[in-house]
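Student: For reference, this is structure-v4.cif, and it has mmCIF, C-alpha atoms.
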data_upload
#
loop_
_atom_site.group_PDB
_atom_site.id
_atom_site.type_symbol
_atom_site.label_atom_id
_atom_site.label_comp_id
_atom_site.auth_asym_id
_atom_site.auth_seq_id
_atom_site.Cartn_x
_atom_site.Cartn_y
_atom_site.Cartn_z
ATOM 1 C CA MET A 19 91.089 -37.838 2.138
ATOM 2 C CA LYS A 20 88.662 -40.738 1.721
ATOM 3 C CA VAL A 21 88.731 -43.738 4.078
ATOM 4 C CA ILE A 22 87.767 -47.387 3.694
ATOM 5 C CA ASP A 23 87.188 -48.986 7.112
ATOM 6 C CA LEU A 24 86.988 -52.762 6.991
ATOM 7 C CA HIS A 25 85.524 -53.438 10.439
ATOM 8 C CA CYS A 26 82.937 -52.047 12.842
ATOM 9 C CA ASP A 27 80.357 -53.644 15.150
ATOM 10 C CA VAL A 28 77.519 -51.156 14.874
ATOM 11 C CA LEU A 29 75.050 -53.865 13.784
ATOM 12 C CA LEU A 30 75.459 -55.565 17.156
ATOM 13 C CA LYS A 31 74.496 -52.323 18.910
ATOM 14 C CA LEU A 32 71.492 -51.826 16.633
ATOM 15 C CA TYR A 33 70.430 -55.426 17.294
ATOM 16 C CA GLU A 34 70.861 -55.153 21.056
ATOM 17 C CA SER A 35 68.809 -51.944 21.080
ATOM 18 C CA ASN A 36 66.005 -53.675 19.126
ATOM 19 C CA GLY A 37 66.235 -50.926 16.560
ATOM 20 C CA ARG A 38 65.814 -48.122 19.095
ATOM 21 C CA LEU A 39 69.128 -46.540 18.098
ATOM 22 C CA LYS A 40 69.073 -44.688 14.800
ATOM 23 C CA PHE A 41 72.095 -45.197 12.591
ATOM 24 C CA LYS A 42 71.766 -41.676 11.199
ATOM 25 C CA ASP A 43 72.783 -39.821 14.341
ATOM 26 C CA ALA A 44 72.578 -41.897 17.558
ATOM 27 C CA ILE A 45 75.342 -40.601 19.840
ATOM 28 C CA GLU A 46 75.709 -44.100 21.303
ATOM 29 C CA LEU A 47 77.144 -45.262 17.971
ATOM 30 C CA ASP A 48 80.814 -44.639 17.205
ATOM 31 C CA THR A 49 79.935 -45.290 13.575
ATOM 32 C CA ASN A 50 76.739 -43.397 12.890
ATOM 33 C CA LYS A 51 76.197 -41.830 9.467
ATOM 34 C CA GLU A 52 76.906 -38.285 10.586
ATOM 35 C CA ARG A 53 80.264 -39.362 12.012
ATOM 36 C CA LEU A 54 81.116 -41.285 8.841
ATOM 37 C CA GLN A 55 80.429 -38.137 6.819
ATOM 38 C CA ILE A 56 82.588 -35.951 9.069
ATOM 39 C CA GLY A 57 85.411 -38.511 8.939
ATOM 40 C CA ASP A 58 85.114 -38.757 5.125
ATOM 41 C CA VAL A 59 84.610 -42.521 5.299
ATOM 42 C CA LYS A 60 83.727 -43.674 1.778
ATOM 43 C CA VAL A 61 83.174 -47.369 2.517
ATOM 44 C CA GLN A 62 82.287 -48.871 5.888
ATOM 45 C CA ALA A 63 82.251 -52.611 6.521
ATOM 46 C CA PHE A 64 79.516 -53.751 8.924
ATOM 47 C CA ALA A 65 80.270 -56.985 10.774
ATOM 48 C CA VAL A 66 77.649 -59.531 11.772
ATOM 49 C CA PHE A 67 78.833 -60.888 15.120
ATOM 50 C CA ILE A 68 77.097 -63.401 17.411
ATOM 51 C CA TYR A 69 78.294 -63.895 20.985
ATOM 52 C CA PRO A 70 79.419 -67.464 21.818
ATOM 53 C CA HIS A 71 76.888 -67.697 24.688
ATOM 54 C CA VAL A 72 73.933 -67.453 22.272
ATOM 55 C CA LYS A 73 72.311 -70.892 21.977
ATOM 56 C CA SER A 74 73.338 -72.687 18.803
ATOM 57 C CA ASP A 75 69.773 -73.003 17.472
ATOM 58 C CA GLN A 76 69.298 -69.226 17.825
ATOM 59 C CA LYS A 77 72.503 -68.006 16.194
ATOM 60 C CA PHE A 78 71.388 -67.974 12.559
ATOM 61 C CA GLN A 79 68.261 -66.013 13.476
ATOM 62 C CA ALA A 80 70.439 -63.542 15.405
ATOM 63 C CA ALA A 81 72.557 -63.067 12.273
ATOM 64 C CA LEU A 82 69.448 -62.501 10.163
ATOM 65 C CA ASP A 83 68.156 -60.014 12.728
ATOM 66 C CA GLN A 84 71.368 -57.987 12.504
ATOM 67 C CA ILE A 85 71.145 -58.019 8.719
ATOM 68 C CA HIS A 86 67.518 -56.873 9.065
ATOM 69 C CA TYR A 87 68.715 -53.769 10.908
ATOM 70 C CA PHE A 88 71.399 -53.276 8.273
ATOM 71 C CA TYR A 89 68.726 -53.115 5.573
ATOM 72 C CA THR A 90 66.121 -51.157 7.523
ATOM 73 C CA ASN A 91 68.101 -48.878 9.837
ATOM 74 C CA VAL A 92 71.300 -48.329 7.848
ATOM 75 C CA LEU A 93 70.171 -48.504 4.211
ATOM 76 C CA ALA A 94 66.409 -47.830 3.997
ATOM 77 C CA GLU A 95 66.488 -44.827 6.349
ATOM 78 C CA ASN A 96 69.570 -43.283 4.720
ATOM 79 C CA SER A 97 69.355 -42.970 0.932
ATOM 80 C CA ASP A 98 73.019 -41.939 0.714
ATOM 81 C CA MET A 99 74.154 -45.280 2.213
ATOM 82 C CA LYS A 100 74.624 -47.732 -0.673
ATOM 83 C CA LEU A 101 74.918 -51.507 -0.461
ATOM 84 C CA ILE A 102 78.146 -52.927 -1.880
ATOM 85 C CA LYS A 103 77.226 -56.275 -3.438
ATOM 86 C CA ASP A 104 79.708 -56.320 -6.304
ATOM 87 C CA TRP A 105 83.254 -55.090 -5.739
ATOM 88 C CA SER A 106 82.828 -52.762 -8.719
ATOM 89 C CA ASP A 107 80.061 -50.956 -6.799
ATOM 90 C CA ILE A 108 82.729 -49.135 -4.764
ATOM 91 C CA ALA A 109 84.103 -47.302 -7.795
ATOM 92 C CA ASP A 110 80.546 -46.397 -8.837
ATOM 93 C CA LEU A 111 79.714 -44.546 -5.610
ATOM 94 C CA LYS A 112 78.666 -40.933 -6.151
ATOM 95 C CA GLU A 113 80.413 -38.087 -4.332
ATOM 96 C CA ASN A 114 77.813 -37.888 -1.547
ATOM 97 C CA GLU A 115 77.342 -41.656 -1.120
ATOM 98 C CA ILE A 116 78.886 -44.023 1.419
ATOM 99 C CA GLY A 117 79.302 -47.684 0.574
ATOM 100 C CA ALA A 118 78.049 -50.244 3.101
ATOM 101 C CA LEU A 119 79.686 -53.677 3.050
ATOM 102 C CA LEU A 120 78.383 -56.675 5.025
ATOM 103 C CA THR A 121 80.916 -58.996 6.673
ATOM 104 C CA LEU A 122 80.677 -62.047 8.930
ATOM 105 C CA GLU A 123 82.794 -62.257 12.084
ATOM 106 C CA GLY A 124 82.790 -65.972 12.869
ATOM 107 C CA VAL A 125 80.722 -68.648 11.134
ATOM 108 C CA ASP A 126 79.038 -69.961 14.301
ATOM 109 C CA ALA A 127 75.691 -68.785 12.912
ATOM 110 C CA ILE A 128 75.715 -71.281 10.045
ATOM 111 C CA GLY A 129 76.465 -74.342 12.184
ATOM 112 C CA ASN A 130 77.546 -77.027 9.714
ATOM 113 C CA ASP A 131 75.215 -75.916 6.911
ATOM 114 C CA LEU A 132 76.791 -74.262 3.851
ATOM 115 C CA LYS A 133 73.301 -73.415 2.565
ATOM 116 C CA LYS A 134 73.083 -70.851 5.337
ATOM 117 C CA LEU A 135 76.336 -69.272 4.159
ATOM 118 C CA SER A 136 74.838 -69.151 0.665
ATOM 119 C CA ILE A 137 71.840 -67.275 2.084
ATOM 120 C CA LEU A 138 74.140 -64.781 3.816
ATOM 121 C CA TYR A 139 76.031 -64.316 0.552
ATOM 122 C CA GLN A 140 72.780 -63.576 -1.275
ATOM 123 C CA LEU A 141 71.967 -61.010 1.431
ATOM 124 C CA GLY A 142 75.253 -59.247 0.745
ATOM 125 C CA VAL A 143 77.990 -60.746 2.941
ATOM 126 C CA ARG A 144 81.279 -60.383 1.069
ATOM 127 C CA SER A 145 83.904 -61.143 3.724
ATOM 128 C CA VAL A 146 83.938 -64.109 6.097
ATOM 129 C CA GLY A 147 86.020 -64.567 9.221
ATOM 130 C CA LEU A 148 85.864 -68.219 10.235
ATOM 131 C CA THR A 149 86.068 -67.554 13.965
ATOM 132 C CA TRP A 150 85.884 -64.974 16.670
ATOM 133 C CA ASN A 151 88.166 -65.828 19.616
ATOM 134 C CA ASN A 152 86.471 -69.138 20.400
ATOM 135 C CA ALA A 153 86.494 -72.463 18.553
ATOM 136 C CA ASN A 154 83.707 -73.541 16.230
ATOM 137 C CA LEU A 155 83.118 -76.165 13.551
ATOM 138 C CA ALA A 156 85.439 -74.384 11.085
ATOM 139 C CA ALA A 157 88.571 -73.664 13.129
ATOM 140 C CA ASP A 158 89.962 -72.516 16.464
ATOM 141 C CA GLY A 159 90.035 -68.817 17.303
ATOM 142 C CA ALA A 160 92.861 -66.801 18.802
ATOM 143 C CA GLY A 161 91.587 -67.307 22.342
ATOM 144 C CA GLU A 162 91.163 -71.092 22.139
ATOM 145 C CA LYS A 163 93.829 -72.854 24.250
ATOM 146 C CA ARG A 164 93.833 -75.927 21.998
ATOM 147 C CA GLY A 165 95.059 -73.879 19.031
ATOM 148 C CA ALA A 166 93.928 -76.398 16.413
ATOM 149 C CA GLY A 167 93.855 -75.672 12.713
ATOM 150 C CA LEU A 168 91.306 -75.611 9.937
ATOM 151 C CA THR A 169 88.654 -78.350 9.861
ATOM 152 C CA SER A 170 87.361 -80.021 6.714
ATOM 153 C CA PHE A 171 84.209 -77.926 7.023
ATOM 154 C CA GLY A 172 86.326 -74.809 7.390
ATOM 155 C CA GLU A 173 88.059 -75.684 4.138
ATOM 156 C CA GLU A 174 84.669 -76.078 2.436
ATOM 157 C CA ILE A 175 83.774 -72.563 3.571
ATOM 158 C CA ILE A 176 86.973 -71.144 2.094
ATOM 159 C CA VAL A 177 86.337 -72.943 -1.206
ATOM 160 C CA PHE A 178 82.880 -71.315 -1.214
ATOM 161 C CA ASN A 179 84.503 -67.933 -0.530
ATOM 162 C CA ASN A 180 86.983 -68.445 -3.362
ATOM 163 C CA GLU A 181 84.263 -69.400 -5.829
ATOM 164 C CA HIS A 182 82.184 -66.341 -4.925
ATOM 165 C CA LYS A 183 85.091 -63.856 -4.795
ATOM 166 C CA MET A 184 84.594 -63.368 -1.074
ATOM 167 C CA LEU A 185 87.354 -62.352 1.316
ATOM 168 C CA THR A 186 88.462 -64.842 3.969
ATOM 169 C CA ASP A 187 89.334 -62.911 7.118
ATOM 170 C CA VAL A 188 92.203 -64.235 9.281
ATOM 171 C CA SER A 189 92.087 -61.606 12.056
ATOM 172 C CA HIS A 190 90.614 -63.794 14.818
ATOM 173 C CA LEU A 191 92.208 -67.147 13.955
ATOM 174 C CA CYS A 192 94.673 -69.031 16.117
ATOM 175 C CA GLU A 193 98.089 -69.287 14.482
ATOM 176 C CA LYS A 194 97.753 -72.902 13.287
ATOM 177 C CA ALA A 195 94.431 -72.091 11.612
ATOM 178 C CA PHE A 196 95.966 -68.963 10.084
ATOM 179 C CA TRP A 197 98.630 -70.992 8.287
ATOM 180 C CA ASP A 198 96.052 -73.552 7.142
ATOM 181 C CA VAL A 199 93.805 -70.812 5.751
ATOM 182 C CA LEU A 200 96.661 -69.199 3.860
ATOM 183 C CA GLN A 201 97.165 -72.470 1.974
ATOM 184 C CA VAL A 202 93.569 -72.504 0.725
ATOM 185 C CA ALA A 203 92.238 -68.936 0.520
ATOM 186 C CA LYS A 204 92.509 -67.038 -2.756
ATOM 187 C CA TYR A 205 91.464 -63.775 -1.106
ATOM 188 C CA PRO A 206 92.796 -63.668 2.475
ATOM 189 C CA VAL A 207 92.588 -60.455 4.470
ATOM 190 C CA ALA A 208 93.199 -59.347 8.047
ATOM 191 C CA SER A 209 90.331 -56.918 8.657
ATOM 192 C CA HIS A 210 91.524 -55.639 12.035
ATOM 193 C CA SER A 211 94.936 -56.758 13.328
ATOM 194 C CA ASN A 212 98.176 -55.074 14.389
ATOM 195 C CA ALA A 213 101.841 -56.085 14.774
ATOM 196 C CA LYS A 214 102.692 -58.572 17.514
ATOM 197 C CA SER A 215 106.306 -57.344 17.519
ATOM 198 C CA ILE A 216 105.084 -53.939 18.696
ATOM 199 C CA ARG A 217 102.332 -55.169 21.036
ATOM 200 C CA ASN A 218 102.552 -58.817 22.066
ATOM 201 C CA HIS A 219 98.866 -59.696 21.988
ATOM 202 C CA VAL A 220 97.262 -62.918 20.795
ATOM 203 C CA ARG A 221 95.053 -60.947 18.394
ATOM 204 C CA ASN A 222 97.998 -59.431 16.543
ATOM 205 C CA LEU A 223 100.066 -60.876 13.697
ATOM 206 C CA SER A 224 103.639 -62.076 14.113
ATOM 207 C CA ASP A 225 106.288 -60.896 11.680
ATOM 208 C CA GLU A 226 106.150 -64.324 10.030
ATOM 209 C CA GLN A 227 102.385 -64.093 9.574
ATOM 210 C CA ALA A 228 102.479 -60.512 8.305
ATOM 211 C CA THR A 229 105.313 -61.284 5.873
ATOM 212 C CA ALA A 230 103.377 -64.277 4.561
ATOM 213 C CA MET A 231 100.327 -62.070 3.998
ATOM 214 C CA PHE A 232 102.398 -59.501 2.117
ATOM 215 C CA LYS A 233 104.043 -62.171 -0.032
ATOM 216 C CA LYS A 234 100.555 -63.391 -0.928
ATOM 217 C CA ASP A 235 99.698 -59.744 -1.735
ATOM 218 C CA ALA A 236 96.986 -59.756 0.950
ATOM 219 C CA MET A 237 95.788 -56.743 2.923
ATOM 220 C CA VAL A 238 96.340 -56.184 6.662
ATOM 221 C CA HIS A 239 94.079 -53.535 8.224
ATOM 222 C CA MET A 240 95.097 -51.656 11.376
ATOM 223 C CA VAL A 241 92.774 -51.956 14.385
ATOM 224 C CA TYR A 242 92.176 -49.030 16.774
ATOM 225 C CA CYS A 243 91.615 -51.084 19.931
ATOM 226 C CA PRO A 244 94.093 -49.643 22.491
ATOM 227 C CA GLU A 245 94.728 -53.100 23.972
ATOM 228 C CA PHE A 246 96.091 -54.245 20.604
ATOM 229 C CA VAL A 247 98.232 -51.119 20.178
ATOM 230 C CA LYS A 248 100.186 -50.604 23.398
ATOM 231 C CA ASP A 249 100.210 -51.820 27.002
ATOM 232 C CA SER A 250 99.378 -48.411 28.398
ATOM 233 C CA GLU A 251 96.499 -46.465 29.907
ATOM 234 C CA ASN A 252 97.090 -43.602 27.470
ATOM 235 C CA VAL A 253 97.328 -44.871 23.895
ATOM 236 C CA THR A 254 97.816 -42.251 21.163
ATOM 237 C CA ILE A 255 97.684 -42.122 17.384
ATOM 238 C CA VAL A 256 101.493 -42.033 17.353
ATOM 239 C CA HIS A 257 101.500 -45.443 19.061
ATOM 240 C CA LEU A 258 99.171 -46.829 16.392
ATOM 241 C CA ILE A 259 101.424 -45.499 13.635
ATOM 242 C CA GLU A 260 104.290 -47.543 15.099
ATOM 243 C CA HIS A 261 102.431 -50.628 13.857
ATOM 244 C CA ILE A 262 102.155 -49.141 10.363
ATOM 245 C CA ASP A 263 105.868 -48.281 10.462
ATOM 246 C CA HIS A 264 106.691 -51.844 11.421
ATOM 247 C CA PHE A 265 104.563 -53.438 8.713
ATOM 248 C CA CYS A 266 106.130 -51.074 6.176
ATOM 249 C CA SER A 267 109.577 -52.253 7.309
ATOM 250 C CA LEU A 268 108.451 -55.803 6.472
ATOM 251 C CA GLY A 269 107.545 -54.775 2.918
ATOM 252 C CA GLY A 270 103.844 -54.178 3.489
ATOM 253 C CA GLU A 271 103.481 -50.544 2.447
ATOM 254 C CA LYS A 272 101.107 -51.400 -0.411
ATOM 255 C CA ASN A 273 99.150 -53.891 1.702
ATOM 256 C CA ILE A 274 98.168 -51.789 4.723
ATOM 257 C CA GLY A 275 94.610 -50.597 5.332
ATOM 258 C CA LEU A 276 92.329 -49.524 8.175
ATOM 259 C CA GLY A 277 89.865 -51.541 10.274
ATOM 260 C CA SER A 278 88.798 -49.460 13.258
ATOM 261 C CA ASP A 279 86.678 -51.937 15.280
ATOM 262 C CA PHE A 280 84.529 -48.983 16.338
ATOM 263 C CA ASP A 281 81.439 -49.996 18.339
ATOM 264 C CA GLY A 282 83.250 -53.208 19.274
ATOM 265 C CA ILE A 283 85.742 -51.592 21.654
ATOM 266 C CA ALA A 284 85.132 -49.954 25.020
ATOM 267 C CA LYS A 285 88.382 -47.995 25.320
ATOM 268 C CA LYS A 286 89.606 -45.657 22.609
ATOM 269 C CA ILE A 287 92.817 -44.174 21.248
ATOM 270 C CA VAL A 288 93.147 -40.503 22.214
ATOM 271 C CA ASN A 289 91.730 -38.297 19.418
ATOM 272 C CA LEU A 290 90.537 -41.390 17.560
ATOM 273 C CA GLU A 291 87.396 -42.115 19.542
ATOM 274 C CA ASP A 292 84.849 -42.471 16.729
ATOM 275 C CA ALA A 293 84.453 -42.433 12.952
ATOM 276 C CA SER A 294 84.359 -38.634 12.777
ATOM 277 C CA MET A 295 88.025 -38.587 13.850
ATOM 278 C CA GLN A 296 89.448 -40.749 11.054
ATOM 279 C CA GLN A 297 91.154 -37.720 9.496
ATOM 280 C CA ASN A 298 93.165 -37.205 12.717
ATOM 281 C CA LEU A 299 95.002 -40.440 11.960
ATOM 282 C CA LEU A 300 95.622 -39.457 8.352
ATOM 283 C CA ASN A 301 96.880 -36.008 9.325
ATOM 284 C CA GLU A 302 99.343 -37.568 11.750
ATOM 285 C CA LEU A 303 100.486 -40.017 9.069
ATOM 286 C CA LEU A 304 101.109 -37.122 6.674
ATOM 287 C CA LYS A 305 103.823 -35.881 9.034
ATOM 288 C CA LYS A 306 106.041 -38.825 8.075
ATOM 289 C CA TYR A 307 104.576 -40.362 4.907
ATOM 290 C CA SER A 308 103.835 -38.883 1.484
ATOM 291 C CA GLU A 309 100.286 -38.051 0.439
ATOM 292 C CA ASP A 310 100.275 -40.993 -1.981
ATOM 293 C CA GLN A 311 101.403 -43.374 0.761
ATOM 294 C CA VAL A 312 98.727 -42.121 3.164
ATOM 295 C CA LYS A 313 96.047 -42.383 0.465
ATOM 296 C CA GLY A 314 97.218 -45.967 0.059
ATOM 297 C CA PHE A 315 96.701 -46.739 3.736
ATOM 298 C CA ALA A 316 93.369 -44.889 3.763
ATOM 299 C CA TYR A 317 91.696 -46.478 0.735
ATOM 300 C CA LYS A 318 93.810 -46.998 -2.399
ATOM 301 C CA ASN A 319 95.615 -50.138 -1.256
ATOM 302 C CA PHE A 320 92.305 -51.883 -0.630
ATOM 303 C CA MET A 321 90.929 -50.735 -3.968
ATOM 304 C CA SER A 322 93.915 -52.252 -5.767
ATOM 305 C CA HIS A 323 93.423 -55.615 -4.027
ATOM 306 C CA LEU A 324 89.747 -56.275 -4.708
ATOM 307 C CA PRO A 325 88.908 -59.886 -5.667
ATOM 308 C CA LYS A 326 88.817 -60.411 -9.434
#
Let me see the structure of the file written as structure tokens.

Tutor:
Amino acid sequence: MKVIDLHCDVLLKLYESNGRLKFKDAIELDTNKERLQIGDVKVQAFAVFIYPHVKSDQKFQAALDQIHYFYTNVLAENSDMKLIKDWSDIADLKENEIGALLTLEGVDAIGNDLKKLSILYQLGVRSVGLTWNNANLAADGAGEKRGAGLTSFGEEIIVFNNEHKMLTDVSHLCEKAFWDVLQVAKYPVASHSNAKSIRNHVRNLSDEQATAMFKKDAMVHMVYCPEFVKDSENVTIVHLIEHIDHFCSLGGEKNIGLGSDFDGIAKKIVNLEDASMQQNLLNELLKKYSEDQVKGFAYKNFMSHLPK
């Protein structure tokens, strides 16, 4: 069964290794190409993420450097990895091809300059999360104590996203900013978030937030980070499925997807440690959901919610 995974941080690892790691088969990468093939991942989103401690005048170059490795290490060295620049490109993928989608996790890299976001769009970025956990010029992240909402500049970014049929990712926003974004964004998405009712973590969505996303017909993608799944040393796939069960109970069956966060997490769910193990999750889901429902979670729900 094919999989669309809306979040991984492999570009950060390629960047930090100065290109030493090879995307094709480096064992240090949870999301190398060989593991994507074994896991039957059809589309993988590659996040561009810049740590908050990077000096502000160096952040845009760091983003460009990560995109450089995306083009050279992921695409150029692997002819079966195909850039997704138009949403229709996904349906055009051949049987042996894997789609590669660029996303932006936090807009710190663009400072207050929308021209830089335009450059990133031209390079292929098709989903934009305004923040990571910290605050920036667009909004406050989930870890910011102030918990302020969307700024005027943040609203300009969302208008840009809307005009260019780009997704606006709410996964790392503080709650006030989340509600502000939902008022403006035409194409909101949570690329990697779970249910706060199941695991009370600041990075997860409350029932009110999740219900609002479903009413807006927006996608919420499950994240595999054990800390966001259960407060336990031994987190299993069954524990992750509890989040899917809960979102389904809120009416979100057709709006659930997957967003592993591989290469961005140190600890792993048992038997879901890298991209090659994606089918383990689907096989466990098939024990309680129909094949059509599981195909929905795996890829079909996302395909039916592409920006138009």

Student: Given the file shown, enumerate the residues that the PyMOL selection byres ((chain A and resi 204) around 12) captures and present them as a ChimeraX atom specification.

Tutor: /A:173,176-187,199-203,205-207,231,234-236,323-326

Student: Kindly save the residues from that selection, with C-alpha atoms included, as a CSV table (one decimal), in the coordinates of the input.

Tutor:
chain,number,residue,atom,x,y,z
A,173,GLU,CA,88.1,-75.7,4.1
A,176,ILE,CA,87.0,-71.1,2.1
A,177,VAL,CA,86.3,-72.9,-1.2
A,178,PHE,CA,82.9,-71.3,-1.2
A,179,ASN,CA,84.5,-67.9,-0.5
A,180,ASN,CA,87.0,-68.4,-3.4
A,181,GLU,CA,84.3,-69.4,-5.8
A,182,HIS,CA,82.2,-66.3,-4.9
A,183,LYS,CA,85.1,-63.9,-4.8
A,184,MET,CA,84.6,-63.4,-1.1
A,185,LEU,CA,87.4,-62.4,1.3
A,186,THR,CA,88.5,-64.8,4.0
A,187,ASP,CA,89.3,-62.9,7.1
A,199,VAL,CA,93.8,-70.8,5.8
A,200,LEU,CA,96.7,-69.2,3.9
A,201,GLN,CA,97.2,-72.5,2.0
A,202,VAL,CA,93.6,-72.5,0.7
A,203,ALA,CA,92.2,-68.9,0.5
A,205,TYR,CA,91.5,-63.8,-1.1
A,206,PRO,CA,92.8,-63.7,2.5
A,207,VAL,CA,92.6,-60.5,4.5
A,231,MET,CA,100.3,-62.1,4.0
A,234,LYS,CA,100.6,-63.4,-0.9
A,235,ASP,CA,99.7,-59.7,-1.7
A,236,ALA,CA,97.0,-59.8,1.0
A,323,HIS,CA,93.4,-55.6,-4.0
A,324,LEU,CA,89.7,-56.3,-4.7
A,325,PRO,CA,88.9,-59.9,-5.7
A,326,LYS,CA,88.8,-60.4,-9.4

Student: Check the smallest atom-to-atom distance from each of A:Ile262, A:Ala127, A:Leu122, A:Ile108 to Lys73 of chain A using all atoms listed in the file, then report the winner.

Tutor: A:Ala127

Student: Quick one: of A:Glu115, A:Asp279, A:Asp225, A:Asp198, who's nearest to Phe246 of chain A, counting all atoms listed in the file?

Tutor: A:Asp279

Student: As JSON, please report the centre and edge lengths, rounded to one decimal in Å, of the axis-aligned box that holds all listed atoms of segment 277-295 of chain A with 6 Å of padding on each of the six sides.

Tutor:
{"center_x": 87.3, "center_y": -45.8, "center_z": 17.8, "size_x": 23.7, "size_y": 26.9, "size_z": 27.0}

Student: Could you check which of A:Ser189, A:Gln140, A:Thr121, A:Asn130 is closest to Gln227 of chain A, using all atoms listed in the file?

Tutor: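 Smallest separation from Gln227 of chain A among the options: A:Ser189.
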
Student: Evaluate the PyMOL selection byres ((chain A and resi 148) around 12) against this structure - the residues, as a PyMOL selection string, please.

Tutor: chain A and resi 67+121-129+135+145-147+149-160+167-169+171-176+179+185-192+195-196+198-199+203+206-208

Student: What is the distance, in Å and to one decimal place, between atom CA of Gly57 of chain A and atom CA of Asn298 of chain A?

Tutor: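 Here the two named atoms are 8.7 Å from each other.
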
Student: Fewer than 4 positions away in the same chain doesn't count, so skip those; otherwise give me all residues within 9 Å of segment 83-99 of chain A, counting all atoms listed in the file, as a PDB file with C-alpha atoms, in the frame of the given file.

Tutor:
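Result file selection-v5.pdb:
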ATOM      1  CA  LEU A  29      75.050 -53.865  13.784  1.00  0.00           C
ATOM      2  CA  LEU A  30      75.459 -55.565  17.156  1.00  0.00           C
ATOM      3  CA  LEU A  32      71.492 -51.826  16.633  1.00  0.00           C
ATOM      4  CA  TYR A  33      70.430 -55.426  17.294  1.00  0.00           C
ATOM      5  CA  ASN A  36      66.005 -53.675  19.126  1.00  0.00           C
ATOM      6  CA  GLY A  37      66.235 -50.926  16.560  1.00  0.00           C
ATOM      7  CA  LEU A  39      69.128 -46.540  18.098  1.00  0.00           C
ATOM      8  CA  LYS A  40      69.073 -44.688  14.800  1.00  0.00           C
ATOM      9  CA  PHE A  41      72.095 -45.197  12.591  1.00  0.00           C
ATOM     10  CA  LYS A  42      71.766 -41.676  11.199  1.00  0.00           C
ATOM     11  CA  ASN A  50      76.739 -43.397  12.890  1.00  0.00           C
ATOM     12  CA  LYS A  51      76.197 -41.830   9.467  1.00  0.00           C
ATOM     13  CA  PHE A  64      79.516 -53.751   8.924  1.00  0.00           C
ATOM     14  CA  VAL A  66      77.649 -59.531  11.772  1.00  0.00           C
ATOM     15  CA  PHE A  67      78.833 -60.888  15.120  1.00  0.00           C
ATOM     16  CA  PHE A  78      71.388 -67.974  12.559  1.00  0.00           C
ATOM     17  CA  GLN A  79      68.261 -66.013  13.476  1.00  0.00           C
ATOM     18  CA  LYS A 112      78.666 -40.933  -6.151  1.00  0.00           C
ATOM     19  CA  ASN A 114      77.813 -37.888  -1.547  1.00  0.00           C
ATOM     20  CA  GLU A 115      77.342 -41.656  -1.120  1.00  0.00           C
ATOM     21  CA  ILE A 116      78.886 -44.023   1.419  1.00  0.00           C
ATOM     22  CA  GLY A 117      79.302 -47.684   0.574  1.00  0.00           C
ATOM     23  CA  ALA A 118      78.049 -50.244   3.101  1.00  0.00           C
ATOM     24  CA  LEU A 120      78.383 -56.675   5.025  1.00  0.00           C
ATOM     25  CA  LEU A 138      74.140 -64.781   3.816  1.00  0.00           C
ATOM     26  CA  LEU A 141      71.967 -61.010   1.431  1.00  0.00           C
TER      27      LEU A 141
END

Student: What does the structure give for the distance between atom CA of Asn218 of chain A and atom CA of Leu24 of chain A, in Å to one decimal?

Tutor: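 Atom CA of Leu24 of chain A lies at a distance of 22.5 Å from atom CA of Asn218 of chain A.
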
Student: Would you please work out which residue, of A:Asn273, A:Ser209, A:Ser106, A:Thr254, is nearest to Ala230 of chain A when using only C-alpha atoms?

Tutor: A:Asn273

Student: Find the residues around Phe232 of chain A up to 8 Å (all atoms listed in the file counted), leave out those fewer than 5 positions away in its own chain, and share them as a PDB file with C-alpha atoms, keeping the file's coordinate frame.

Tutor:
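New file part34.pdb:
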ATOM      1  CA  MET A 237      95.788 -56.743   2.923  1.00  0.00           C
ATOM      2  CA  GLY A 269     107.545 -54.775   2.918  1.00  0.00           C
ATOM      3  CA  GLY A 270     103.844 -54.178   3.489  1.00  0.00           C
ATOM      4  CA  ASN A 273      99.150 -53.891   1.702  1.00  0.00           C
TER       5      ASN A 273
END

Student: Tell me, as a list in words, which residues lie within 6 Å of Asp27 of chain A, counting only C-alpha atoms; anything in the same chain fewer than 6 positions away does not count.

Tutor: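 After dropping sequence-adjacent residues, the list is Ala65, Asp281 and Gly282 of chain A.
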
Student: Save segment 144-162 of chain A to disk from that block, C-alpha atoms included, as an mmCIF file, in the first residue's frame.

Tutor:
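The new file selection.cif reads:
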data_model
loop_
_atom_site.group_PDB
_atom_site.id
_atom_site.type_symbol
_atom_site.label_atom_id
_atom_site.label_comp_id
_atom_site.auth_asym_id
_atom_site.auth_seq_id
_atom_site.Cartn_x
_atom_site.Cartn_y
_atom_site.Cartn_z
ATOM 1 C CA ARG A 144 4.959 24.055 -1.552
ATOM 2 C CA SER A 145 4.113 23.993 2.163
ATOM 3 C CA VAL A 146 5.017 26.633 4.740
ATOM 4 C CA GLY A 147 4.912 26.339 8.509
ATOM 5 C CA LEU A 148 5.160 29.825 9.985
ATOM 6 C CA THR A 149 7.080 28.757 13.079
ATOM 7 C CA TRP A 150 8.995 26.006 14.745
ATOM 8 C CA ASN A 151 8.581 26.075 18.545
ATOM 9 C CA ASN A 152 10.029 29.563 18.973
ATOM 10 C CA ALA A 153 8.624 32.985 18.086
ATOM 11 C CA ASN A 154 9.568 34.836 14.923
ATOM 12 C CA LEU A 155 8.306 37.783 12.890
ATOM 13 C CA ALA A 156 5.250 35.829 11.675
ATOM 14 C CA ALA A 157 3.825 34.284 14.851
ATOM 15 C CA ASP A 158 4.599 32.546 18.131
ATOM 16 C CA GLY A 159 5.424 28.843 18.151
ATOM 17 C CA ALA A 160 4.112 26.154 20.463
ATOM 18 C CA GLY A 161 7.025 26.545 22.867
ATOM 19 C CA GLU A 162 6.824 30.338 23.214
#
